[in-house]
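Student: This is the structure I want to talk about, given as structure tokens.
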Amino acid sequence: MTSRARPNEDGLIARFFAPIAGEGALGLKDDAACFAPKQGHDLVLTTDALVETVHFLPEDSPASIARKALGVNVSDLAAKGADPSGFLLSLALPETWTEEWLAEFAAGLGEAARDFSCPLLGGDTVKARGALTLSVTAIGEVPTGRMVRRTSAQEGDIICVTGTIGDAALGLRLRKAPAWADHLSTDERAHLADRYLHPQPRHRLARVLRDHANAAMDVSDGLAGDLAKMMRVSGVSALIDGEAIPFSAALRKAISVGPALYDLAVTGGDDYEILCTVAQKSLDSFMKEADSVGIAVSAIGQVVQGHESPVFRMQNSERRYDAGSFSHF
């Protein structure tokens, strides 16, 4: 039986990506996308590259890889208070790619684009000699001058974080079948694995952050490390109630079996939650408005004077995480 020839680049784009493209993409028939931001708005742009074995594993499903690639970028936009407008995709496919893989990837990408209200606008597809690599550049809009920076945390601000912390780090660790996993239920293991595979960008919080946050960033490289980055560039430090950090029931059970997992939860990456600082007088309104869009927020500490690493205060001890952030280099 003669195998069907692979489509060329134009055919690949027309078959897999044109059906999920947004209005500004011009059907992916031109060399560039074209759209106009709303009047009185700034554009916010962010980009992230994902490489096989570094950011995802070869056995991960194509749909999960696609959702993560877009989700991590939408998370960056959300932390800036920006509403998604669209994205560009660069995809470097290894020589072993199949049409079945690409069809599942495109389906997952289209579903994520609809869920995040962030349509595909264009991109590029090439053949790679090495690992599968993809890069997403996401574009968002924010009312002029209203982007929330990470450099504006102020002494006295309350430090808040969305969702739960550490699930993704433990979800990745599950791949090695650790002994503590035997003490978790099937549902608890599934919860941790899903949080690693499928980030949940908090894009619905964008307006609330614009209205109330002094500073914000998304937690991609670990709570401790990303908090230290925000405090450092803001010229301040932080005091954290280590027992107020929000953990899921599954993570709490894992820590009860292996107490050292607390440090992994606080320093591990891939949470994609929002870390922000809010003035004390705005905290109640911030919490209520976050709840109104279905996003849980926890107050975990306060911005203080100083230039030292943030202190995580426990019941009987204090901890500092001097190397609390994932680094590519």
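Every chain in the structure tokens has a letter given in the order shown (A, B, ...), and although residue numbers restart at 1 in each chain, ligands are simply numbered from 1 in the order shown.
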Using DSSP assignments from the backbone, pull out every residue in stretch 12-147 of chain A that falls under strand (DSSP E or B) and give it to me as a PyMOL selection string.
Tutor: chain A and resi 21+41-52+56+83-94+120-128+133-143
Student: Measuring between only C-alpha atoms, which one of A:Pro119, A:Gly81, A:Gly235, A:Pro7 shows the shortest distance to A:Ala216?
Tutor: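 Among A:Pro119, A:Gly81, A:Gly235, A:Pro7, it is A:Gly81 that comes nearest to A:Ala216.
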Student: Extract, using only C-alpha atoms, all DNA, RNA and protein residues at most 8 Å from stretch 250-258 of chain A, discarding same-chain residues fewer than 6 positions from it, and format them as a PDB file with C-alpha atoms, in the first residue's frame.
Tutor:
ATOM      1  CA  GLY A 166       2.532  23.523  44.229  1.00  0.00           C
ATOM      2  CA  ASP A 167       0.135  21.124  42.523  1.00  0.00           C
ATOM      3  CA  LEU A 170       4.040  17.487  42.459  1.00  0.00           C
ATOM      4  CA  TRP A 180       4.326   9.262  48.712  1.00  0.00           C
ATOM      5  CA  ALA A 181       2.039   8.870  45.703  1.00  0.00           C
ATOM      6  CA  HIS A 183      -0.873   7.312  49.849  1.00  0.00           C
ATOM      7  CA  LEU A 184      -2.993   9.400  47.457  1.00  0.00           C
ATOM      8  CA  GLU A 188      -5.890  13.093  44.085  1.00  0.00           C
ATOM      9  CA  ARG A 189      -3.157  11.854  41.753  1.00  0.00           C
ATOM     10  CA  HIS A 191      -5.736  16.352  40.185  1.00  0.00           C
ATOM     11  CA  LEU A 192      -1.982  16.896  40.581  1.00  0.00           C
TER      12      LEU A 192
END
Student: Please provide the set of residues having any atom within 8 Å of A:Thr47, restricted to only C-alpha atoms, with same-chain residues fewer than 5 positions apart removed, written as a VMD selection string.
Tutor: chain A and resid 73 135 to 138
Student: For N, CA and C atoms, I'd like the residues from the last selection saved as an mmCIF file, in the first residue's frame.
Tutor:
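As a result, again00.cif now contains:
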data_model
loop_
_atom_site.group_PDB
_atom_site.id
_atom_site.type_symbol
_atom_site.label_atom_id
_atom_site.label_comp_id
_atom_site.auth_asym_id
_atom_site.auth_seq_id
_atom_site.Cartn_x
_atom_site.Cartn_y
_atom_site.Cartn_z
ATOM 1 N N ASN A 73 1.109 31.761 28.091
ATOM 2 C CA ASN A 73 1.179 33.123 27.578
ATOM 3 C C ASN A 73 -0.021 33.951 28.000
ATOM 4 N N SER A 135 6.743 28.114 19.901
ATOM 5 C CA SER A 135 6.773 29.405 20.557
ATOM 6 C C SER A 135 5.472 30.135 20.270
ATOM 7 N N VAL A 136 4.886 30.697 21.314
ATOM 8 C CA VAL A 136 3.663 31.476 21.180
ATOM 9 C C VAL A 136 3.956 32.914 21.581
ATOM 10 N N THR A 137 3.517 33.832 20.760
ATOM 11 C CA THR A 137 3.532 35.252 21.105
ATOM 12 C C THR A 137 2.085 35.697 21.254
ATOM 13 N N ALA A 138 1.717 36.088 22.461
ATOM 14 C CA ALA A 138 0.340 36.490 22.736
ATOM 15 C C ALA A 138 0.238 38.008 22.809
#
Student: What does the distance from atom CA of A:Glu155 to atom CA of A:Val304 come to in Å, to one decimal?
Tutor: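 For atom CA of A:Glu155 relative to atom CA of A:Val304, the distance reads 5.0 Å.
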Student: With only C-alpha atoms as the counted atoms, please give the residues lying no more than 9 Å from A:Leu209, apart from itself and same-chain residues fewer than 4 positions off, as a PyMOL selection string.
Tutor: chain A and resi 78-81+148+205+213-216+276+278+286+290
Student: Which residue out of A:His203, A:Arg320, A:His212, A:His198 has the minimum interatomic distance to A:Leu239 when only C-alpha atoms are used?
Tutor: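 Among the listed residues, the smallest separation from A:Leu239 belongs to A:Arg320.
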Student: For A:Lys29, list every protein, DNA or RNA residue within 9 Å, evaluated using only C-alpha atoms, and leave out those in the same chain fewer than 3 positions away; present the list as a PyMOL selection string.
Tutor: chain A and resi 10+14+18+25-26+32
Student: With DSSP run on the backbone, what are the alpha helix (DSSP H) residues within stretch 30-242 of chain A? I'd like them as an NGL selection string.
Tutor: :A and (62-79 or 99-115 or 167-173 or 186-197 or 206-212 or 223-234)
Student: Just the residues within 12 Å of stretch 95-97 of chain A, please, counting only C-alpha atoms, with nothing from its chain fewer than 6 positions along; format it as JSON, numbers by chain.
Tutor: {"A": [6, 7, 12, 58, 62, 103, 104, 105, 126, 127, 128, 129, 130, 131, 132, 133]}
Student: Please write the residues from the selection above to a file, keeping N, CA and C atoms, as a PDB file, in the first residue's frame.
Tutor:
ATOM      1  N   ARG A   6       2.823  13.601   2.784  1.00  0.00           N
ATOM      2  CA  ARG A   6       2.528  14.657   3.736  1.00  0.00           C
ATOM      3  C   ARG A   6       2.180  15.938   2.998  1.00  0.00           C
ATOM      4  N   PRO A   7       1.321  16.764   3.562  1.00  0.00           N
ATOM      5  CA  PRO A   7       1.033  18.046   2.927  1.00  0.00           C
ATOM      6  C   PRO A   7       2.244  18.963   3.005  1.00  0.00           C
ATOM      7  N   LEU A  12      -0.517  22.211   4.937  1.00  0.00           N
ATOM      8  CA  LEU A  12      -0.573  21.973   6.384  1.00  0.00           C
ATOM      9  C   LEU A  12      -1.311  23.116   7.080  1.00  0.00           C
ATOM     10  N   PRO A  58       7.747  13.801  26.004  1.00  0.00           N
ATOM     11  CA  PRO A  58       7.322  13.214  24.732  1.00  0.00           C
ATOM     12  C   PRO A  58       5.995  12.464  24.813  1.00  0.00           C
ATOM     13  N   PRO A  62      -0.738  15.624  22.422  1.00  0.00           N
ATOM     14  CA  PRO A  62      -0.609  16.842  21.620  1.00  0.00           C
ATOM     15  C   PRO A  62      -1.569  17.941  22.062  1.00  0.00           C
ATOM     16  N   ALA A 103      -3.191  16.910  13.924  1.00  0.00           N
ATOM     17  CA  ALA A 103      -4.640  17.109  14.011  1.00  0.00           C
ATOM     18  C   ALA A 103      -5.081  17.249  15.464  1.00  0.00           C
ATOM     19  N   GLU A 104      -4.537  16.404  16.346  1.00  0.00           N
ATOM     20  CA  GLU A 104      -4.889  16.488  17.766  1.00  0.00           C
ATOM     21  C   GLU A 104      -4.347  17.769  18.386  1.00  0.00           C
ATOM     22  N   PHE A 105      -3.142  18.172  17.977  1.00  0.00           N
ATOM     23  CA  PHE A 105      -2.554  19.412  18.471  1.00  0.00           C
ATOM     24  C   PHE A 105      -3.425  20.602  18.076  1.00  0.00           C
ATOM     25  N   VAL A 126       7.887  25.115  10.545  1.00  0.00           N
ATOM     26  CA  VAL A 126       9.116  24.652   9.903  1.00  0.00           C
ATOM     27  C   VAL A 126       9.428  23.227  10.362  1.00  0.00           C
ATOM     28  N   LYS A 127      10.351  22.601   9.671  1.00  0.00           N
ATOM     29  CA  LYS A 127      10.824  21.272  10.058  1.00  0.00           C
ATOM     30  C   LYS A 127      12.111  21.417  10.865  1.00  0.00           C
ATOM     31  N   ALA A 128      12.184  20.706  11.986  1.00  0.00           N
ATOM     32  CA  ALA A 128      13.354  20.789  12.857  1.00  0.00           C
ATOM     33  C   ALA A 128      14.157  19.498  12.794  1.00  0.00           C
ATOM     34  N   ARG A 129      15.437  19.601  13.017  1.00  0.00           N
ATOM     35  CA  ARG A 129      16.284  18.415  13.070  1.00  0.00           C
ATOM     36  C   ARG A 129      16.394  17.860  14.490  1.00  0.00           C
ATOM     37  N   GLY A 130      15.927  18.648  15.452  1.00  0.00           N
ATOM     38  CA  GLY A 130      16.008  18.212  16.837  1.00  0.00           C
ATOM     39  C   GLY A 130      14.638  17.998  17.436  1.00  0.00           C
ATOM     40  N   ALA A 131      14.495  18.378  18.711  1.00  0.00           N
ATOM     41  CA  ALA A 131      13.260  18.152  19.456  1.00  0.00           C
ATOM     42  C   ALA A 131      12.148  19.091  18.984  1.00  0.00           C
ATOM     43  N   LEU A 132      10.919  18.654  19.221  1.00  0.00           N
ATOM     44  CA  LEU A 132       9.762  19.497  18.971  1.00  0.00           C
ATOM     45  C   LEU A 132       9.888  20.787  19.775  1.00  0.00           C
ATOM     46  N   THR A 133       9.746  21.908  19.102  1.00  0.00           N
ATOM     47  CA  THR A 133       9.851  23.219  19.743  1.00  0.00           C
ATOM     48  C   THR A 133       8.717  24.097  19.235  1.00  0.00           C
TER      49      THR A 133
END
Student: Using only C-alpha atoms, which of A:Lys38, A:Tyr321, A:Leu50, A:Ile274 sits nearest A:Ile159?
Tutor: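 With only C-alpha atoms as the atom set, the closest residue is A:Ile274.
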Student: Taking only C-alpha atoms into account, which of A:Ser298, A:Thr98, A:Gln154, A:Ser61 comes nearest A:Ala238?
Tutor: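 Checking each candidate against A:Ala238, we get A:Gln154 as the closest.
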Student: Of the candidates A:Glu141, A:Met231, A:Asp83, A:Ala66, which one gets nearest to A:Gly108 if we count only C-alpha atoms?
Tutor: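 Answer, going by the shortest atom-to-atom distance: A:Ala66.
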